[in-house]
file entry_38.csv (CSV, C-alpha atoms and all ligand atoms)
chain,number,residue,atom,x,y,z
A,1059,MET,CA,66.8,86.2,115.3
A,1060,MET,CA,69.2,87.6,117.9
A,1061,ALA,CA,69.5,85.7,121.2
A,1062,GLU,CA,69.4,88.8,123.3
A,1063,LYS,CA,68.6,92.5,122.8
A,1064,SER,CA,71.7,94.6,122.3
A,1065,ILE,CA,72.2,97.8,124.3
A,1066,PHE,CA,71.3,99.7,121.2
A,1067,LYS,CA,68.1,97.8,120.6
A,1068,LYS,CA,67.2,98.7,124.2
A,1069,ILE,CA,67.8,102.3,123.4
A,1070,ILE,CA,65.5,102.0,120.4
A,1071,ASP,CA,62.9,100.4,122.6
A,1072,ARG,CA,63.3,103.1,125.3
A,1073,GLU,CA,64.3,100.5,127.8
A,1074,ILE,CA,67.5,102.4,128.7
A,1075,PRO,CA,67.9,106.2,128.4
A,1076,ALA,CA,70.1,108.0,125.9
A,1077,THR,CA,70.5,111.6,124.7
A,1078,ILE,CA,68.8,111.3,121.3
A,1079,VAL,CA,69.8,113.8,118.7
A,1080,TYR,CA,67.9,112.6,115.7
A,1081,GLU,CA,65.2,110.0,114.9
A,1082,ASP,CA,63.0,109.0,112.0
A,1083,ASP,CA,61.2,105.9,110.9
A,1084,LEU,CA,64.4,104.1,109.9
A,1085,CYS,CA,67.1,105.3,112.2
A,1086,LEU,CA,68.1,106.7,115.5
A,1087,ALA,CA,71.1,108.8,116.6
A,1088,PHE,CA,72.2,109.5,120.2
A,1089,GLU,CA,75.3,110.8,122.0
A,1090,ASP,CA,78.0,108.3,122.8
A,1091,ILE,CA,78.2,107.6,126.5
A,1092,ASN,CA,82.0,107.8,126.4
A,1093,PRO,CA,82.7,110.5,123.8
A,1094,GLN,CA,86.0,110.5,122.0
A,1095,ALA,CA,85.6,114.0,120.5
A,1096,PRO,CA,83.5,117.1,121.3
A,1097,VAL,CA,80.9,115.7,118.9
A,1098,HIS,CA,80.5,111.9,119.2
A,1099,VAL,CA,77.1,110.6,118.0
A,1100,ILE,CA,76.2,107.0,117.4
A,1101,VAL,CA,73.9,106.5,114.3
A,1102,ILE,CA,72.0,103.2,114.0
A,1103,PRO,CA,69.3,101.7,111.8
A,1104,LYS,CA,66.2,100.6,113.7
A,1105,LYS,CA,66.5,97.3,111.9
A,1106,GLU,CA,68.6,94.8,113.8
A,1107,ILE,CA,71.7,94.3,111.6
A,1108,ALA,CA,74.6,93.0,113.7
A,1109,SER,CA,77.5,94.5,111.8
A,1110,ALA,CA,78.7,95.7,108.4
A,1111,ASP,CA,79.3,92.0,107.7
A,1112,ASP,CA,75.5,91.5,107.9
A,1113,VAL,CA,74.4,94.3,105.5
A,1114,ALA,CA,72.3,92.6,102.8
A,1115,GLU,CA,71.4,93.8,99.3
A,1116,GLU,CA,68.0,94.7,100.6
A,1117,ASP,CA,69.6,97.1,103.0
A,1118,GLU,CA,71.2,99.3,100.3
A,1119,ALA,CA,68.6,102.1,100.6
A,1120,LEU,CA,68.7,101.9,104.4
A,1121,VAL,CA,72.4,102.4,104.6
A,1122,GLY,CA,72.2,105.2,102.1
A,1123,HIS,CA,69.6,106.8,104.2
A,1124,LEU,CA,71.9,106.6,107.2
A,1125,MET,CA,74.6,108.5,105.3
A,1126,VAL,CA,72.1,111.2,104.3
A,1127,ALA,CA,71.1,111.5,108.0
A,1128,ILE,CA,74.7,111.7,109.0
A,1129,ARG,CA,75.4,114.6,106.5
A,1130,GLU,CA,72.3,116.5,107.8
A,1131,MET,CA,73.4,115.9,111.4
A,1132,ALA,CA,76.9,117.0,110.7
A,1133,ALA,CA,75.5,120.3,109.3
A,1134,LYS,CA,73.1,120.7,112.3
A,1135,LEU,CA,75.9,120.0,114.8
A,1136,GLY,CA,78.2,122.6,113.1
A,1137,ILE,CA,80.9,120.2,111.9
A,1138,ALA,CA,80.2,120.1,108.2
A,1139,GLY,CA,83.4,119.8,106.2
A,1140,GLY,CA,85.4,118.4,109.1
A,1141,TYR,CA,84.3,115.1,110.6
A,1142,ARG,CA,84.9,111.4,110.7
A,1143,VAL,CA,82.4,108.5,110.2
A,1144,VAL,CA,83.5,105.1,111.4
A,1145,THR,CA,82.0,101.7,111.7
A,1146,ASN,CA,83.9,99.0,113.5
A,1147,CYS,CA,83.2,95.4,112.2
A,1148,GLY,CA,84.0,92.6,114.6
A,1149,PRO,CA,86.1,92.3,117.7
A,1150,ALA,CA,89.4,92.7,115.8
A,1151,ALA,CA,88.3,96.2,114.8
A,1152,GLY,CA,87.0,97.0,118.2
A,1153,GLN,CA,83.2,96.4,117.8
A,1154,GLU,CA,81.7,96.1,121.2
A,1155,VAL,CA,78.0,96.4,120.4
A,1156,MET,CA,76.6,94.0,117.9
A,1157,HIS,CA,74.1,96.3,116.2
A,1158,LEU,CA,75.4,98.1,113.1
A,1159,HIS,CA,76.4,101.7,114.0
A,1160,PHE,CA,78.3,104.6,112.6
A,1161,HIS,CA,80.3,106.8,114.9
A,1162,LEU,CA,80.0,110.5,113.8
A,1163,LEU,CA,83.0,112.3,115.3
A,1164,GLY,CA,83.9,116.0,115.0
A,1165,GLY,CA,84.9,119.1,116.8
A,1166,ARG,CA,88.6,118.3,116.8
A,1167,GLY,CA,91.3,117.2,114.3
A,1168,PHE,CA,91.9,113.5,113.6
A,1169,SER,CA,95.1,111.7,112.6
A,1170,TRP,CA,95.5,108.9,110.1
A,1171,PRO,CA,96.0,106.0,110.3
A,1172,PRO,CA,93.6,105.2,113.2
A,1173,GLY,CA,94.9,103.0,116.0
A,1201,LIG,P1,81.9,100.0,119.1
A,1201,LIG,O1,83.1,99.8,119.9
A,1201,LIG,O2,81.0,98.8,119.1
A,1201,LIG,O3,82.2,100.5,117.7
A,1201,LIG,O4,81.2,101.3,119.7
A,1201,LIG,C1,80.3,101.2,120.7
A,1201,LIG,C2,80.1,102.6,121.3
A,1201,LIG,O5,78.9,102.6,122.0
A,1201,LIG,C3,81.2,103.0,122.2
A,1201,LIG,O6,81.7,104.2,121.7
A,1201,LIG,C4,80.5,103.2,123.5
A,1201,LIG,O7,81.0,104.3,124.3
A,1201,LIG,C5,79.1,103.3,123.2
A,1201,LIG,N1,78.1,102.8,124.1
A,1201,LIG,C6,78.2,101.6,124.8
A,1201,LIG,N2,77.1,101.5,125.6
A,1201,LIG,C7,76.4,102.6,125.5
A,1201,LIG,C8,75.2,103.0,126.2
A,1201,LIG,O8,74.6,102.4,127.0
A,1201,LIG,N3,74.8,104.3,125.8
A,1201,LIG,C9,75.4,105.1,124.9
A,1201,LIG,N4,74.9,106.3,124.6
A,1201,LIG,N5,76.5,104.7,124.3
A,1201,LIG,C10,77.0,103.5,124.6

call {"tool": "encode", "arguments": {"input": "entry_38.csv", "output": "structure tokens"}}
result
Amino acid sequence: MMAEKSIFKKIIDREIPATIVYEDDLCLAFEDINPQAPVHVIVIPKKEIASADDVAEEDEALVGHLMVAIREMAAKLGIAGGYRVVTNCGPAAGQEVMHLHFHLLGGRGFSWPPG
């Protein structure tokens, strides 16, 4: 059990607003409040998983589902063939919200390595 609802759980529960771009039984996707690219969508499982470190074997199908949803969203948003998918795990990697999420970024070029 998590001590306190994360911001993303509050978005799932419609306690705070977000611009939702996709939703199904297992996942939700919404525009990032501080976009780092012309397309910047946050994709989350509705299940409360804190980070990539907390993905369990029983979550295999769920995480695969998120990737299929990301591919469909990329196509719908017009960025198929040129986008980046990122998950930050833990504070050293810049994770601020402790609810597993994938950043879907597109609409511009990206350099490598990331900062
Ligand atoms: P992290 O740094 O944890 O990988 O990414 C968290 C992301 O969530 C950031 O890009 C940040 O802009 C976004 N974010 C934080 N709070 C909110 C919010 O209340 N609404 C939305 N739509 N995005 C948020």

call {"tool": "residues_around", "arguments": {"input": "entry_38.csv", "residues": "A:Met1125", "least_positions_apart": "6", "cutoff": "10 Å", "atoms": "all atoms listed in the file", "output": "MDAnalysis selection string"}}
result
chainID A and resid 1101 1119 1131 1143 1160

call {"tool": "closest_residue", "arguments": {"input": "entry_38.csv", "among": "A:Met1156, A:Ser1109, A:Pro1149, A:Val1121", "to": "A:Glu1062", "atoms": "all atoms listed in the file"}}
result
A:Met1156

call {"tool": "residues_near_ligand", "arguments": {"input": "entry_38.csv", "ligand": "ligand LIG 1201 (chain A)", "cutoff": "6 Å", "atoms": "only C-alpha atoms and all ligand atoms", "output": "list in words"}}
result
Ile1065, Ala1076, Glu1089, Asp1090, Ile1091, Asn1092, Asn1146, Gly1152, Gln1153, Glu1154 and Val1155 of chain A

call {"tool": "closest_residue", "arguments": {"input": "entry_38.csv", "among": "A:His1159, A:Lys1104, A:His1098, A:His1123", "to": "A:Tyr1141", "atoms": "only C-alpha atoms"}}
result
A:His1098

call {"tool": "closest_residue", "arguments": {"input": "entry_38.csv", "among": "A:Lys1105, A:Val1113, A:Glu1130, A:Glu1118", "to": "A:Tyr1080", "atoms": "only C-alpha atoms"}}
result
A:Glu1130

call {"tool": "atom_distance", "arguments": {"input": "entry_38.csv", "atom1": "atom CA of A:Cys1085", "atom2": "atom CA of A:Ile1070"}}
result
9.0 Å

call {"tool": "closest_residue", "arguments": {"input": "entry_38.csv", "among": "A:Ala1110, A:Ala1151, A:Val1079, A:Val1126", "to": "A:Val1097", "atoms": "all atoms listed in the file"}}
result
A:Val1079

call {"tool": "residues_around", "arguments": {"input": "entry_38.csv", "residues": "A:Lys1063", "least_positions_apart": "6", "cutoff": "12 Å", "atoms": "all atoms listed in the file", "output": "list in words"}}
result
Ile1069, Ile1070, Asp1071, Glu1073, Ile1074, Glu1106, Ile1107, Ala1108, Val1155, Met1156 and His1157 of chain A

call {"tool": "write_last_selection", "arguments": {"input": "entry_38.csv", "atoms": "C-alpha atoms", "output": "PDB file, in the coordinates of the input"}}
result
ATOM      1  CA  ILE A1069      67.800 102.300 123.400  1.00  0.00           C
ATOM      2  CA  ILE A1070      65.500 102.000 120.400  1.00  0.00           C
ATOM      3  CA  ASP A1071      62.900 100.400 122.600  1.00  0.00           C
ATOM      4  CA  GLU A1073      64.300 100.500 127.800  1.00  0.00           C
ATOM      5  CA  ILE A1074      67.500 102.400 128.700  1.00  0.00           C
ATOM      6  CA  GLU A1106      68.600  94.800 113.800  1.00  0.00           C
ATOM      7  CA  ILE A1107      71.700  94.300 111.600  1.00  0.00           C
ATOM      8  CA  ALA A1108      74.600  93.000 113.700  1.00  0.00           C
ATOM      9  CA  VAL A1155      78.000  96.400 120.400  1.00  0.00           C
ATOM     10  CA  MET A1156      76.600  94.000 117.900  1.00  0.00           C
ATOM     11  CA  HIS A1157      74.100  96.300 116.200  1.00  0.00           C
TER      12      HIS A1157
END

call {"tool": "atom_distance", "arguments": {"input": "entry_38.csv", "atom1": "atom CA of A:Arg1142", "atom2": "atom CA of A:Gly1164"}}
result
6.4 Å

call {"tool": "closest_residue", "arguments": {"input": "entry_38.csv", "among": "A:Ser1169, A:Leu1163, A:Ile1102, A:Ile1137", "to": "A:Ser1064", "atoms": "all atoms listed in the file"}}
result
A:Ile1102

call {"tool": "residues_around", "arguments": {"input": "entry_38.csv", "residues": "A:Asp1082", "least_positions_apart": "5", "cutoff": "10 Å", "atoms": "only C-alpha atoms", "output": "number ranges by chain"}}
result
A: 1087, 1103-1104, 1127

call {"tool": "atom_distance", "arguments": {"input": "entry_38.csv", "atom1": "atom CA of A:Phe1168", "atom2": "atom CA of A:Gly1136"}}
result
16.5 Å

call {"tool": "residues_around", "arguments": {"input": "entry_38.csv", "residues": "A:His1161", "least_positions_apart": "6", "cutoff": "6 Å", "atoms": "only C-alpha atoms", "output": "JSON, numbers by chain"}}
result
{"A": [1099, 1100, 1143, 1144]}

call {"tool": "axis_aligned_box", "arguments": {"input": "entry_38.csv", "around": "stretch 1130-1133 of chain A", "padding_each_side": "5 Å", "output": "lines of an AutoDock Vina configuration file"}}
result
center_x = 74.6
center_y = 118.1
center_z = 109.6
size_x = 14.6
size_y = 14.4
size_z = 13.6

call {"tool": "closest_residue", "arguments": {"input": "entry_38.csv", "among": "A:Arg1072, A:Phe1088, A:Ala1095, A:Gly1167", "to": "A:Gly1140", "atoms": "all atoms listed in the file"}}
result
A:Gly1167
